[in-house]
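Everything on this sheet refers to the single structure shown next.
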Amino acid sequence: MDQISRRDFLREGTQGLAAWGAGGLLLMRGASPTEASGEPGADGQLLAALGERAEPRPPAPTERVTLGPFYRQGAPFRAKVTPPLEPGPVLVIRGRVWGHDTGQPLPGAVLDVWQADAAGRYSGGGEDFGNRARMRTDESGRYEFETIRPGGYRAGAFTRAGHIHCLVRHPGYPDLVTQIFFAGDPLLAGDPLVKPSLTIPLRRAEAGGRPYETGTFDIVLARG
């Protein structure tokens with residue numbers, strides 16, 4: 001994002017978030033918890049994502065998917081996941097974290113995010129925690145982060161579609177490990193870990209003459 005401030009780059013996104021408002025928020029009736037893609041040391045839970053227009057998606061049975069080998073604890077709190085000048089298409093993800101039992105947004109939820117780079121490689125982490133970050137939801141349960149679109153990679157007998165890992169924590173709810181996939185990725189069909197409820201559309205946008213992609217991923221946490 002050289003020569004463009006983050007404030008300028010995300011101006012459109014900020015305006016969009018403001019339009020959501022902070023008062024009187026309720027989860028749509030019939031919405032299901034976000035589908036899990038593995039829990040640290042435990043099986044996943046039945047959860048389902050909300051799409052960009054907050055339309056509820058049908059629940060799906062929980063599948064047993066491990067946390068994966070690339071998670072590292074202690075990522076810094078920041079809104080930009082990737083290092084400066086990281087190669088790849090710029091991507092802005094935003095959404096809300098909801099409580100399934102109350103139907104209300106959850107302020108103070110912590111999202112721990114990690115991903116591969118555009119070539120499908122994970123960093124070892126290091127002191128800068130490359131391609132890793134944490135963030136908290138605001139008083140309206142909202143979050144937003146800037147990154148690059150991750151590439152797919154070979155994983156044993158199959159190829160993983162590009163995805164972003166999320167570990168979501170909030171007091172009173174079990175930890176949720178999930179993944180975000182992207183509609184239109186040609187690798188989706190060959191990835192057995194892809195779940196339709198976790199696949200979001202992206203739209204193209206522009207700020208300061210520079211193009212980027214943006215998508216919405218709402219997360220719904222269920223009680224134990």
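By convention here, the chains of the structure tokens are called A, B, ... in the order presented, each chain's residues are numbered starting at 1, and ligands are numbered starting at 1 in the order presented.
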
- Task: Skip A:Ala119 itself and residues of its chain fewer than 3 positions away, then list as a PyMOL selection string all residues within 10 Å of it, counting only C-alpha atoms.
- Result: chain A and resi 87-88+116+122+149-153+162

Long-range neighbours of A:Gly224 as a JSON list (two decimals) with C-alpha atoms, in the first residue's frame, 10 Å cut-off, only C-alpha atoms, 6 positions minimum in chain:
[["chain", "number", "residue", "atom", "x", "y", "z"],
["A", 45, "GLN", "CA", -18.80, -27.68, 16.31],
["A", 172, "GLY", "CA", -18.87, -17.73, 27.73],
["A", 173, "TYR", "CA", -18.49, -19.39, 24.33],
["A", 174, "PRO", "CA", -16.28, -22.28, 23.21],
["A", 175, "ASP", "CA", -13.36, -21.26, 21.00]]

- Tell me which protein, DNA and RNA residues are within 10 Å of A:Val220, counting only C-alpha atoms, leaving out same-chain ones fewer than 3 positions away, and put them as a ChimeraX atom specification. /A:27,31-35,47-50,96-101,103-106,168,176,217
